[in-house]
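As stored in input_19.txt (compact mmCIF, N, CA and C atoms and all ligand atoms):
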```
# COMPACT_ATOMS: atom_id res chain seq x y z
N MET A 18 22.44 204.60 202.20
CA MET A 18 23.16 205.48 203.11
C MET A 18 22.93 206.94 202.71
N ASP A 19 22.69 207.82 203.68
CA ASP A 19 22.48 209.23 203.31
C ASP A 19 23.81 210.00 203.32
N ALA A 20 23.73 211.24 202.83
CA ALA A 20 24.94 212.06 202.66
C ALA A 20 25.68 212.24 203.99
N ILE A 21 24.92 212.46 205.06
CA ILE A 21 25.54 212.72 206.36
C ILE A 21 26.37 211.52 206.82
N GLU A 22 25.82 210.32 206.62
CA GLU A 22 26.51 209.10 207.03
C GLU A 22 27.76 208.87 206.16
N ILE A 23 27.64 209.09 204.87
CA ILE A 23 28.79 208.93 203.97
C ILE A 23 29.88 209.93 204.32
N LEU A 24 29.49 211.19 204.57
CA LEU A 24 30.45 212.23 204.96
C LEU A 24 31.17 211.84 206.25
N ARG A 25 30.41 211.31 207.19
CA ARG A 25 30.98 210.92 208.48
C ARG A 25 32.02 209.81 208.29
N GLN A 26 31.65 208.79 207.49
CA GLN A 26 32.57 207.67 207.25
C GLN A 26 33.84 208.12 206.54
N LEU A 27 33.68 209.01 205.54
CA LEU A 27 34.85 209.44 204.77
C LEU A 27 35.74 210.35 205.60
N LYS A 28 35.13 211.19 206.45
CA LYS A 28 35.93 212.05 207.32
C LYS A 28 36.77 211.21 208.27
N ASP A 29 36.18 210.11 208.76
CA ASP A 29 36.92 209.17 209.61
C ASP A 29 38.13 208.59 208.89
N LYS A 30 38.00 208.46 207.56
CA LYS A 30 39.11 207.92 206.77
C LYS A 30 40.07 209.02 206.32
N GLY A 31 39.80 210.24 206.76
CA GLY A 31 40.71 211.35 206.46
C GLY A 31 40.47 212.03 205.13
N VAL A 32 39.26 211.81 204.53
CA VAL A 32 38.96 212.46 203.25
C VAL A 32 38.45 213.88 203.49
N ARG A 33 39.01 214.82 202.77
CA ARG A 33 38.65 216.24 202.90
C ARG A 33 37.38 216.51 202.11
N PHE A 34 36.43 217.21 202.70
CA PHE A 34 35.18 217.52 202.00
C PHE A 34 34.92 219.01 201.89
N THR A 35 34.97 219.53 200.67
CA THR A 35 34.61 220.93 200.43
C THR A 35 33.11 220.98 200.15
N PRO A 36 32.52 222.19 200.21
CA PRO A 36 31.08 222.32 199.87
C PRO A 36 30.78 221.82 198.45
N GLN A 37 31.71 222.02 197.50
CA GLN A 37 31.52 221.52 196.14
C GLN A 37 31.42 220.00 196.12
N ARG A 38 32.36 219.36 196.81
CA ARG A 38 32.36 217.89 196.87
C ARG A 38 31.07 217.38 197.48
N GLN A 39 30.61 218.11 198.51
CA GLN A 39 29.37 217.72 199.18
C GLN A 39 28.18 217.85 198.22
N ALA A 40 28.19 218.92 197.41
CA ALA A 40 27.10 219.13 196.44
C ALA A 40 27.07 218.01 195.40
N ILE A 41 28.24 217.53 194.99
CA ILE A 41 28.32 216.43 194.03
C ILE A 41 27.70 215.18 194.63
N LEU A 42 28.10 214.89 195.86
CA LEU A 42 27.58 213.70 196.55
C LEU A 42 26.06 213.80 196.71
N GLU A 43 25.56 214.96 197.14
CA GLU A 43 24.12 215.12 197.36
C GLU A 43 23.33 214.95 196.06
N PHE A 44 23.87 215.50 194.97
CA PHE A 44 23.19 215.35 193.67
C PHE A 44 23.11 213.87 193.27
N LEU A 45 24.22 213.15 193.45
CA LEU A 45 24.24 211.73 193.09
C LEU A 45 23.24 210.92 193.90
N LEU A 46 23.04 211.33 195.17
CA LEU A 46 22.12 210.58 196.01
C LEU A 46 20.67 210.90 195.70
N GLU A 47 20.41 212.13 195.23
CA GLU A 47 19.01 212.53 195.05
C GLU A 47 18.48 212.23 193.64
N THR A 48 19.39 212.11 192.65
CA THR A 48 18.91 211.92 191.29
C THR A 48 18.78 210.44 190.93
N ALA A 49 17.79 210.13 190.08
CA ALA A 49 17.63 208.76 189.60
C ALA A 49 18.05 208.69 188.14
N SER A 50 18.73 209.75 187.65
CA SER A 50 18.98 209.87 186.20
C SER A 50 20.29 209.25 185.73
N HIS A 51 21.12 208.76 186.64
CA HIS A 51 22.42 208.19 186.25
C HIS A 51 23.20 209.17 185.37
N PRO A 52 23.53 210.36 185.92
CA PRO A 52 24.14 211.41 185.10
C PRO A 52 25.56 211.10 184.66
N THR A 53 25.97 211.74 183.56
CA THR A 53 27.37 211.70 183.13
C THR A 53 28.14 212.73 183.96
N ALA A 54 29.47 212.69 183.90
CA ALA A 54 30.30 213.66 184.62
C ALA A 54 29.95 215.08 184.18
N ASP A 55 29.69 215.23 182.89
CA ASP A 55 29.33 216.53 182.34
C ASP A 55 28.02 217.07 182.91
N GLU A 56 27.04 216.19 183.03
CA GLU A 56 25.75 216.60 183.60
C GLU A 56 25.90 216.98 185.07
N ILE A 57 26.74 216.23 185.79
CA ILE A 57 26.99 216.55 187.19
C ILE A 57 27.66 217.93 187.28
N TYR A 58 28.61 218.15 186.40
CA TYR A 58 29.32 219.44 186.34
C TYR A 58 28.35 220.60 186.16
N HIS A 59 27.45 220.47 185.19
CA HIS A 59 26.50 221.56 184.94
C HIS A 59 25.53 221.78 186.09
N HIS A 60 25.14 220.70 186.73
CA HIS A 60 24.25 220.82 187.88
C HIS A 60 24.93 221.56 189.04
N VAL A 61 26.15 221.14 189.36
CA VAL A 61 26.87 221.72 190.51
C VAL A 61 27.30 223.16 190.21
N LYS A 62 27.60 223.42 188.95
CA LYS A 62 28.04 224.75 188.51
C LYS A 62 26.97 225.83 188.76
N ALA A 63 25.71 225.42 188.69
CA ALA A 63 24.62 226.37 188.93
C ALA A 63 24.70 226.95 190.34
N LYS A 64 25.18 226.14 191.28
CA LYS A 64 25.27 226.58 192.67
C LYS A 64 26.68 227.08 193.01
N PHE A 65 27.68 226.44 192.42
CA PHE A 65 29.08 226.80 192.66
C PHE A 65 29.76 227.11 191.32
N PRO A 66 29.62 228.36 190.83
CA PRO A 66 30.14 228.71 189.50
C PRO A 66 31.64 228.45 189.35
N GLY A 67 32.37 228.40 190.47
CA GLY A 67 33.82 228.22 190.38
C GLY A 67 34.27 226.77 190.27
N VAL A 68 33.32 225.83 190.31
CA VAL A 68 33.70 224.41 190.32
C VAL A 68 34.32 224.02 188.97
N SER A 69 35.32 223.14 189.02
CA SER A 69 35.97 222.70 187.77
C SER A 69 35.59 221.26 187.46
N LEU A 70 35.76 220.90 186.18
CA LEU A 70 35.50 219.52 185.77
C LEU A 70 36.47 218.58 186.49
N GLY A 71 37.67 219.08 186.77
CA GLY A 71 38.66 218.30 187.52
C GLY A 71 38.16 217.91 188.90
N THR A 72 37.49 218.84 189.57
CA THR A 72 36.91 218.56 190.89
C THR A 72 35.83 217.48 190.77
N ILE A 73 35.04 217.56 189.69
CA ILE A 73 34.00 216.55 189.49
C ILE A 73 34.67 215.17 189.36
N TYR A 74 35.67 215.10 188.48
CA TYR A 74 36.32 213.81 188.25
C TYR A 74 37.02 213.27 189.48
N ASN A 75 37.74 214.12 190.21
CA ASN A 75 38.45 213.55 191.37
C ASN A 75 37.49 213.17 192.49
N THR A 76 36.35 213.87 192.59
CA THR A 76 35.35 213.48 193.59
C THR A 76 34.70 212.15 193.20
N LEU A 77 34.38 212.00 191.91
CA LEU A 77 33.79 210.74 191.44
C LEU A 77 34.75 209.57 191.69
N ASN A 78 36.02 209.78 191.38
CA ASN A 78 37.02 208.72 191.61
C ASN A 78 37.12 208.36 193.08
N MET A 79 37.13 209.39 193.93
CA MET A 79 37.24 209.16 195.37
C MET A 79 36.02 208.37 195.88
N LEU A 80 34.81 208.78 195.46
CA LEU A 80 33.60 208.09 195.91
C LEU A 80 33.57 206.64 195.43
N LYS A 81 34.05 206.44 194.22
CA LYS A 81 34.09 205.10 193.64
C LYS A 81 35.08 204.21 194.41
N GLU A 82 36.25 204.79 194.68
CA GLU A 82 37.29 204.07 195.43
C GLU A 82 36.78 203.59 196.78
N HIS A 83 35.95 204.42 197.42
CA HIS A 83 35.46 204.08 198.75
C HIS A 83 34.14 203.31 198.72
N GLY A 84 33.71 202.93 197.51
CA GLY A 84 32.54 202.06 197.40
C GLY A 84 31.20 202.76 197.55
N HIS A 85 31.16 204.09 197.31
CA HIS A 85 29.90 204.81 197.44
C HIS A 85 29.28 205.17 196.09
N LEU A 86 29.86 204.63 195.03
CA LEU A 86 29.43 205.04 193.70
C LEU A 86 29.61 203.89 192.72
N LEU A 87 28.67 203.79 191.80
CA LEU A 87 28.76 202.80 190.73
C LEU A 87 29.02 203.54 189.43
N GLU A 88 30.02 203.09 188.68
CA GLU A 88 30.25 203.67 187.36
C GLU A 88 29.77 202.69 186.30
N LEU A 89 28.88 203.17 185.44
CA LEU A 89 28.40 202.34 184.34
C LEU A 89 29.10 202.82 183.09
N SER A 90 30.03 202.03 182.56
CA SER A 90 30.74 202.49 181.37
C SER A 90 30.14 201.86 180.12
N TYR A 91 30.16 202.64 179.05
CA TYR A 91 29.56 202.22 177.79
C TYR A 91 30.55 202.40 176.66
N GLY A 92 31.67 201.72 176.72
CA GLY A 92 32.65 201.82 175.64
C GLY A 92 33.04 203.24 175.35
N ASP A 93 32.75 203.70 174.14
CA ASP A 93 33.13 205.04 173.70
C ASP A 93 32.34 206.15 174.39
N MET A 94 31.10 205.86 174.73
CA MET A 94 30.25 206.90 175.30
C MET A 94 30.68 207.22 176.73
N SER A 95 30.29 208.38 177.21
CA SER A 95 30.63 208.78 178.57
C SER A 95 30.03 207.81 179.57
N SER A 96 30.78 207.58 180.64
CA SER A 96 30.25 206.78 181.73
C SER A 96 29.10 207.51 182.40
N ARG A 97 28.24 206.71 183.01
CA ARG A 97 27.19 207.29 183.84
C ARG A 97 27.44 206.87 185.28
N PHE A 98 26.99 207.72 186.20
CA PHE A 98 27.30 207.48 187.60
C PHE A 98 26.03 207.31 188.41
N ASP A 99 26.11 206.37 189.35
CA ASP A 99 24.95 205.97 190.14
C ASP A 99 25.32 206.04 191.61
N GLY A 100 24.60 206.88 192.35
CA GLY A 100 24.87 207.04 193.78
C GLY A 100 24.43 205.84 194.61
N ASN A 101 23.79 204.88 193.96
CA ASN A 101 23.41 203.65 194.65
C ASN A 101 24.42 202.56 194.28
N PRO A 102 25.37 202.24 195.20
CA PRO A 102 26.43 201.31 194.85
C PRO A 102 26.02 199.84 194.94
N GLU A 103 24.81 199.57 195.44
CA GLU A 103 24.36 198.17 195.55
C GLU A 103 24.12 197.62 194.15
N ASN A 104 24.45 196.34 193.97
CA ASN A 104 24.24 195.74 192.65
C ASN A 104 22.74 195.72 192.32
N HIS A 105 22.39 196.33 191.19
CA HIS A 105 21.01 196.29 190.70
C HIS A 105 21.04 196.40 189.19
N TYR A 106 19.90 196.16 188.57
CA TYR A 106 19.87 196.08 187.11
C TYR A 106 19.40 197.38 186.47
N HIS A 107 19.80 197.56 185.23
CA HIS A 107 19.46 198.79 184.51
C HIS A 107 18.82 198.49 183.16
N ILE A 108 17.98 199.42 182.73
CA ILE A 108 17.40 199.38 181.39
C ILE A 108 17.86 200.64 180.67
N VAL A 109 18.41 200.46 179.47
CA VAL A 109 18.95 201.59 178.71
C VAL A 109 18.09 201.81 177.47
N CYS A 110 17.67 203.06 177.26
CA CYS A 110 16.90 203.39 176.06
C CYS A 110 17.86 203.61 174.90
N SER A 111 17.67 202.85 173.84
CA SER A 111 18.56 202.94 172.67
C SER A 111 18.34 204.23 171.88
N LYS A 112 17.22 204.90 172.10
CA LYS A 112 16.94 206.14 171.37
C LYS A 112 17.46 207.37 172.11
N CYS A 113 17.05 207.56 173.37
CA CYS A 113 17.40 208.79 174.08
C CYS A 113 18.54 208.58 175.08
N GLY A 114 18.93 207.34 175.31
CA GLY A 114 20.06 207.07 176.20
C GLY A 114 19.71 207.06 177.68
N ARG A 115 18.43 207.26 177.98
CA ARG A 115 18.01 207.28 179.37
C ARG A 115 18.33 205.93 180.05
N VAL A 116 18.79 205.97 181.29
CA VAL A 116 19.08 204.75 182.04
C VAL A 116 18.15 204.69 183.24
N SER A 117 17.35 203.62 183.34
CA SER A 117 16.44 203.47 184.47
C SER A 117 16.84 202.27 185.30
N ASP A 118 16.51 202.34 186.58
CA ASP A 118 16.73 201.19 187.46
C ASP A 118 15.67 200.14 187.21
N TYR A 119 16.07 198.88 187.35
CA TYR A 119 15.09 197.81 187.39
C TYR A 119 15.42 196.96 188.61
N HIS A 120 14.57 197.08 189.62
CA HIS A 120 14.85 196.39 190.88
C HIS A 120 14.20 195.02 190.91
N ARG A 121 14.99 194.01 191.13
CA ARG A 121 14.49 192.66 191.32
C ARG A 121 15.57 191.91 192.09
N THR A 122 15.23 190.74 192.55
CA THR A 122 16.21 189.90 193.22
C THR A 122 17.34 189.60 192.25
N LEU A 123 18.58 189.66 192.72
CA LEU A 123 19.71 189.40 191.84
C LEU A 123 19.67 187.96 191.35
N ILE A 124 20.03 187.77 190.09
CA ILE A 124 20.07 186.44 189.52
C ILE A 124 21.27 185.71 190.11
N ASP A 125 21.02 184.51 190.61
CA ASP A 125 22.02 183.77 191.37
C ASP A 125 22.90 182.95 190.43
N LEU A 126 23.84 183.62 189.76
CA LEU A 126 24.67 182.94 188.77
C LEU A 126 26.14 182.94 189.14
N ASP A 127 26.52 183.81 190.10
CA ASP A 127 27.94 184.02 190.38
C ASP A 127 28.66 182.71 190.74
N GLN A 128 27.99 181.89 191.58
CA GLN A 128 28.61 180.65 192.04
C GLN A 128 28.85 179.69 190.86
N GLU A 129 27.83 179.58 190.01
CA GLU A 129 27.93 178.70 188.84
C GLU A 129 29.05 179.15 187.91
N VAL A 130 29.12 180.46 187.64
CA VAL A 130 30.15 180.99 186.75
C VAL A 130 31.53 180.77 187.34
N MET A 131 31.64 180.93 188.66
CA MET A 131 32.92 180.73 189.34
C MET A 131 33.38 179.29 189.18
N GLU A 132 32.45 178.35 189.39
CA GLU A 132 32.81 176.93 189.28
C GLU A 132 33.17 176.56 187.84
N GLN A 133 32.45 177.08 186.88
CA GLN A 133 32.66 176.71 185.49
C GLN A 133 33.90 177.37 184.87
N SER A 134 34.23 178.59 185.36
CA SER A 134 35.28 179.36 184.68
C SER A 134 36.60 179.39 185.43
N GLY A 135 36.55 179.13 186.72
CA GLY A 135 37.76 179.26 187.52
C GLY A 135 38.09 180.69 187.90
N PHE A 136 37.27 181.65 187.42
CA PHE A 136 37.44 183.05 187.84
C PHE A 136 36.94 183.20 189.28
N LEU A 137 37.57 184.12 190.01
CA LEU A 137 36.97 184.55 191.27
C LEU A 137 35.96 185.63 190.90
N ILE A 138 34.68 185.32 191.00
CA ILE A 138 33.65 186.28 190.57
C ILE A 138 33.34 187.25 191.70
N MET A 139 33.42 188.53 191.39
CA MET A 139 33.14 189.57 192.39
C MET A 139 31.73 190.14 192.24
N GLY A 140 31.10 189.88 191.12
CA GLY A 140 29.77 190.40 190.88
C GLY A 140 29.45 190.26 189.41
N HIS A 141 28.26 190.69 189.03
CA HIS A 141 27.93 190.68 187.62
C HIS A 141 27.10 191.89 187.28
N ARG A 142 27.06 192.20 186.00
CA ARG A 142 26.33 193.37 185.54
C ARG A 142 25.37 192.92 184.45
N MET A 143 24.14 193.33 184.56
CA MET A 143 23.19 192.98 183.51
C MET A 143 22.39 194.21 183.12
N GLU A 144 22.24 194.40 181.82
CA GLU A 144 21.49 195.54 181.33
C GLU A 144 20.52 195.10 180.26
N PHE A 145 19.38 195.75 180.27
CA PHE A 145 18.37 195.51 179.24
C PHE A 145 18.39 196.70 178.30
N TYR A 146 18.18 196.47 177.02
CA TYR A 146 18.15 197.54 176.03
C TYR A 146 16.79 197.57 175.38
N GLY A 147 16.32 198.75 175.09
CA GLY A 147 15.03 198.86 174.44
C GLY A 147 14.67 200.30 174.19
N ILE A 148 13.40 200.54 173.95
CA ILE A 148 12.90 201.89 173.70
C ILE A 148 12.02 202.26 174.90
N CYS A 149 12.33 203.37 175.54
CA CYS A 149 11.61 203.76 176.76
C CYS A 149 10.18 204.21 176.43
N PRO A 150 9.30 204.22 177.43
CA PRO A 150 7.89 204.60 177.18
C PRO A 150 7.76 205.96 176.50
N LYS A 151 8.58 206.92 176.92
CA LYS A 151 8.52 208.28 176.35
C LYS A 151 8.85 208.24 174.85
N CYS A 152 9.92 207.54 174.49
CA CYS A 152 10.32 207.44 173.08
C CYS A 152 9.30 206.65 172.27
N ARG A 153 8.69 205.64 172.87
CA ARG A 153 7.67 204.86 172.15
C ARG A 153 6.47 205.74 171.82
N GLU A 154 6.11 206.59 172.78
CA GLU A 154 4.99 207.50 172.59
C GLU A 154 5.32 208.50 171.48
N ASP A 155 6.54 209.08 171.53
CA ASP A 155 6.97 210.04 170.51
C ASP A 155 6.95 209.41 169.13
N GLU A 156 7.36 208.15 169.05
CA GLU A 156 7.38 207.44 167.77
C GLU A 156 5.99 207.35 167.17
N GLN A 157 5.01 207.06 168.03
CA GLN A 157 3.65 206.91 167.55
C GLN A 157 3.06 208.24 167.08
N LEU A 158 3.54 209.34 167.70
CA LEU A 158 3.04 210.66 167.32
C LEU A 158 3.59 211.11 165.98
N ASN A 159 4.77 210.60 165.64
CA ASN A 159 5.41 211.05 164.40
C ASN A 159 4.86 210.33 163.15
ZN ZN A 201 14.03 206.99 175.35
MN MN A 202 20.88 202.57 189.11
```
What's the structure tokens form of this structure?
Ligand code: ZN
Ligand code: MN
Amino acid sequence: MDAIEILRQLKDKGVRFTPQRQAILEFLLETASHPTADEIYHHVKAKFPGVSLGTIYNTLNMLKEHGHLLELSYGDMSSRFDGNPENHYHIVCSKCGRVSDYHRTLIDLDQEVMEQSGFLIMGHRMEFYGICPKCREDEQLN
């Protein structure tokens, strides 16, 4: 879904959109970097110096609530945000922390887990960990 369509849907639901909020949404849709709230803040601040971290957080919460955002939480570390809310897989670099998408057909396990556990399964999350190509190259140079 593009920014215009998301804006239209949210306006129909009575959500107020300031230019700052719109800039946050557009950044999330255009970047493949899975930024932290802090990174989003610094990006938007370049264009809107008056933007606050509070605006970043409440916009992220609002987008998440309405199903337009995926939050990837990592325990103690800052969450990363993904403007693509469809279930997909990620690869995380253990050295630099970079998060990349890995697109493949979803593994069909939800039904089995539901039957075996008695949980109502809403989805699943799978991540791969390793060293990214850039870090592997740097390692060889050192
Ligand atoms: Zn790396
Ligand atoms: Mn992703």
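Restricting the calculation to only N, CA and C atoms and all ligand atoms, the smallest distance between ligand MN 202 (chain A) and any of A:Glu144, A:Asp118, A:Asp125, A:Glu156 is found for A:Asp118.
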Which residues of chain A come within 8 Å of ligand MN 202 (chain A), and for each one, what is the closest pair of atoms and their distance in Å to one decimal, counting all atoms listed in the file, sorted by chain and residue number, as a tab-separated table?
```
residue	atom	partner	partner_atom	distance
A:Ala49	C	A:MN202	MN	6.8
A:Ser50	C	A:MN202	MN	7.5
A:His51	CA	A:MN202	MN	6.5
A:Phe98	C	A:MN202	MN	7.0
A:Asp99	CA	A:MN202	MN	5.4
A:Gly100	N	A:MN202	MN	6.6
A:Asn101	N	A:MN202	MN	6.1
A:Pro102	N	A:MN202	MN	7.6
A:Glu103	C	A:MN202	MN	7.8
A:Asn104	C	A:MN202	MN	7.8
A:His105	C	A:MN202	MN	6.2
A:Tyr106	C	A:MN202	MN	6.0
A:His107	CA	A:MN202	MN	6.1
A:Ile108	N	A:MN202	MN	7.7
A:Val116	C	A:MN202	MN	6.8
A:Ser117	C	A:MN202	MN	5.6
A:Asp118	CA	A:MN202	MN	4.7
A:Tyr119	N	A:MN202	MN	6.3
```
Distance filter 6.5 Å around ligand ZN 201 (chain A), atoms: all atoms listed in the file, out as a tab-separated table (two decimals) with N, CA and C atoms, in the coordinates of the input:
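pocket13.tsv was written with the following content:
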```
chain	number	residue	atom	x	y	z
A	110	CYS	N	17.67	203.06	177.26
A	110	CYS	CA	16.90	203.39	176.06
A	110	CYS	C	17.86	203.61	174.90
A	111	SER	N	17.67	202.85	173.84
A	111	SER	CA	18.56	202.94	172.67
A	111	SER	C	18.34	204.23	171.88
A	112	LYS	N	17.22	204.90	172.10
A	112	LYS	CA	16.94	206.14	171.37
A	112	LYS	C	17.46	207.37	172.11
A	113	CYS	N	17.05	207.56	173.37
A	113	CYS	CA	17.40	208.79	174.08
A	113	CYS	C	18.54	208.58	175.08
A	114	GLY	N	18.93	207.34	175.31
A	114	GLY	CA	20.06	207.07	176.20
A	114	GLY	C	19.71	207.06	177.68
A	115	ARG	N	18.43	207.26	177.98
A	115	ARG	CA	18.01	207.28	179.37
A	115	ARG	C	18.33	205.93	180.05
A	148	ILE	N	13.40	200.54	173.95
A	148	ILE	CA	12.90	201.89	173.70
A	148	ILE	C	12.02	202.26	174.90
A	149	CYS	N	12.33	203.37	175.54
A	149	CYS	CA	11.61	203.76	176.76
A	149	CYS	C	10.18	204.21	176.43
A	150	PRO	N	9.30	204.22	177.43
A	150	PRO	CA	7.89	204.60	177.18
A	150	PRO	C	7.76	205.96	176.50
A	151	LYS	N	8.58	206.92	176.92
A	151	LYS	CA	8.52	208.28	176.35
A	151	LYS	C	8.85	208.24	174.85
A	152	CYS	N	9.92	207.54	174.49
A	152	CYS	CA	10.32	207.44	173.08
A	152	CYS	C	9.30	206.65	172.27
A	153	ARG	N	8.69	205.64	172.87
A	153	ARG	CA	7.67	204.86	172.15
A	153	ARG	C	6.47	205.74	171.82
```
So which residues of stretch 18-132 of chain A fall under strand (DSSP E or B) by DSSP, listed as a PDB file with N, CA and C atoms, in the frame of the given file?
```
ATOM      1  N   THR A  53      25.970 211.740 183.560  1.00  0.00           N
ATOM      2  CA  THR A  53      27.370 211.700 183.130  1.00  0.00           C
ATOM      3  C   THR A  53      28.140 212.730 183.960  1.00  0.00           C
ATOM      4  N   LEU A  87      28.670 203.790 191.800  1.00  0.00           N
ATOM      5  CA  LEU A  87      28.760 202.800 190.730  1.00  0.00           C
ATOM      6  C   LEU A  87      29.020 203.540 189.430  1.00  0.00           C
ATOM      7  N   GLU A  88      30.020 203.090 188.680  1.00  0.00           N
ATOM      8  CA  GLU A  88      30.250 203.670 187.360  1.00  0.00           C
ATOM      9  C   GLU A  88      29.770 202.690 186.300  1.00  0.00           C
ATOM     10  N   LEU A  89      28.880 203.170 185.440  1.00  0.00           N
ATOM     11  CA  LEU A  89      28.400 202.340 184.340  1.00  0.00           C
ATOM     12  C   LEU A  89      29.100 202.820 183.090  1.00  0.00           C
ATOM     13  N   SER A  90      30.030 202.030 182.560  1.00  0.00           N
ATOM     14  CA  SER A  90      30.740 202.490 181.370  1.00  0.00           C
ATOM     15  C   SER A  90      30.140 201.860 180.120  1.00  0.00           C
ATOM     16  N   TYR A  91      30.160 202.640 179.050  1.00  0.00           N
ATOM     17  CA  TYR A  91      29.560 202.220 177.790  1.00  0.00           C
ATOM     18  C   TYR A  91      30.550 202.400 176.660  1.00  0.00           C
ATOM     19  N   MET A  94      31.100 205.860 174.730  1.00  0.00           N
ATOM     20  CA  MET A  94      30.250 206.900 175.300  1.00  0.00           C
ATOM     21  C   MET A  94      30.680 207.220 176.730  1.00  0.00           C
ATOM     22  N   SER A  95      30.290 208.380 177.210  1.00  0.00           N
ATOM     23  CA  SER A  95      30.630 208.780 178.570  1.00  0.00           C
ATOM     24  C   SER A  95      30.030 207.810 179.570  1.00  0.00           C
ATOM     25  N   SER A  96      30.780 207.580 180.640  1.00  0.00           N
ATOM     26  CA  SER A  96      30.250 206.780 181.730  1.00  0.00           C
ATOM     27  C   SER A  96      29.100 207.510 182.400  1.00  0.00           C
ATOM     28  N   ARG A  97      28.240 206.710 183.010  1.00  0.00           N
ATOM     29  CA  ARG A  97      27.190 207.290 183.840  1.00  0.00           C
ATOM     30  C   ARG A  97      27.440 206.870 185.280  1.00  0.00           C
ATOM     31  N   PHE A  98      26.990 207.720 186.200  1.00  0.00           N
ATOM     32  CA  PHE A  98      27.300 207.480 187.600  1.00  0.00           C
ATOM     33  C   PHE A  98      26.030 207.310 188.410  1.00  0.00           C
ATOM     34  N   ASP A  99      26.110 206.370 189.350  1.00  0.00           N
ATOM     35  CA  ASP A  99      24.950 205.970 190.140  1.00  0.00           C
ATOM     36  C   ASP A  99      25.320 206.040 191.610  1.00  0.00           C
ATOM     37  N   TYR A 106      19.900 196.160 188.570  1.00  0.00           N
ATOM     38  CA  TYR A 106      19.870 196.080 187.110  1.00  0.00           C
ATOM     39  C   TYR A 106      19.400 197.380 186.470  1.00  0.00           C
ATOM     40  N   HIS A 107      19.800 197.560 185.230  1.00  0.00           N
ATOM     41  CA  HIS A 107      19.460 198.790 184.510  1.00  0.00           C
ATOM     42  C   HIS A 107      18.820 198.490 183.160  1.00  0.00           C
ATOM     43  N   ILE A 108      17.980 199.420 182.730  1.00  0.00           N
ATOM     44  CA  ILE A 108      17.400 199.380 181.390  1.00  0.00           C
ATOM     45  C   ILE A 108      17.860 200.640 180.670  1.00  0.00           C
ATOM     46  N   VAL A 109      18.410 200.460 179.470  1.00  0.00           N
ATOM     47  CA  VAL A 109      18.950 201.590 178.710  1.00  0.00           C
ATOM     48  C   VAL A 109      18.090 201.810 177.470  1.00  0.00           C
ATOM     49  N   CYS A 110      17.670 203.060 177.260  1.00  0.00           N
ATOM     50  CA  CYS A 110      16.900 203.390 176.060  1.00  0.00           C
ATOM     51  C   CYS A 110      17.860 203.610 174.900  1.00  0.00           C
ATOM     52  N   VAL A 116      18.790 205.970 181.290  1.00  0.00           N
ATOM     53  CA  VAL A 116      19.080 204.750 182.040  1.00  0.00           C
ATOM     54  C   VAL A 116      18.150 204.690 183.240  1.00  0.00           C
ATOM     55  N   SER A 117      17.350 203.620 183.340  1.00  0.00           N
ATOM     56  CA  SER A 117      16.440 203.470 184.470  1.00  0.00           C
ATOM     57  C   SER A 117      16.840 202.270 185.300  1.00  0.00           C
ATOM     58  N   ASP A 118      16.510 202.340 186.580  1.00  0.00           N
ATOM     59  CA  ASP A 118      16.730 201.190 187.460  1.00  0.00           C
ATOM     60  C   ASP A 118      15.670 200.140 187.210  1.00  0.00           C
ATOM     61  N   TYR A 119      16.070 198.880 187.350  1.00  0.00           N
ATOM     62  CA  TYR A 119      15.090 197.810 187.390  1.00  0.00           C
ATOM     63  C   TYR A 119      15.420 196.960 188.610  1.00  0.00           C
TER      64      TYR A 119
END
```
(message) Let's see if you can do this: from backbone DSSP, list all alpha helix (DSSP H) residues in stretch 87-149 of chain A, as a list in words.
(response)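 Checking each residue of stretch 87-149 of chain A, the alpha helix (DSSP H) ones are Asp127, Gln128, Glu129, Val130, Met131, Glu132, Gln133 and Ser134 of chain A.
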(message) For stretch 38-48 of chain A, find every residue with an atom within 12 Å (counting only C-alpha atoms), except residues of its own chain fewer than 3 positions away, and show them as a PyMOL selection string.
(response) chain A and resi 18-25+27-28+32-35+51-65+68-81+85-88+97-102+116-118
(request) Report the distance between atom CA of A:Leu89 and atom CA of A:Phe145 in Å, rounded to one decimal place. (result)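 Going from atom CA of A:Leu89 over to atom CA of A:Phe145, I get 13.2 Å.
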(request) Could you check how far atom N of A:Ile124 sits from atom N of A:Ile138, in Å to one decimal? (result)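 Atom N of A:Ile138 lies at a distance of 14.9 Å from atom N of A:Ile124.
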(message) Here is a test: counting only C-alpha atoms, which residue of A:Asp127, A:Pro36, A:Pro66, A:Gly92 is nearest to A:Arg142?
(response)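 Distance minimum relative to A:Arg142 lands on A:Asp127.
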(message) If I take atom N of A:Glu132 and atom CA of A:Glu82, how far is one from the other in Å, to one decimal?
(response)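 Taking atom N of A:Glu132 and atom CA of A:Glu82, their separation equals 26.9 Å.
Distances from A:Tyr91, A:Val109, A:Lys30, A:Ser96 to A:Tyr146 were compared using all atoms listed in the file, and the smallest one belongs to A:Val109.
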(message) Taking only C-alpha atoms into account, name the residue in A:Asp155, A:Ser90, A:Phe136, A:His83 that is nearest to A:Gly31.
(response)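 Going through A:Asp155, A:Ser90, A:Phe136, A:His83 one by one, the smallest distance to A:Gly31 is for A:His83.
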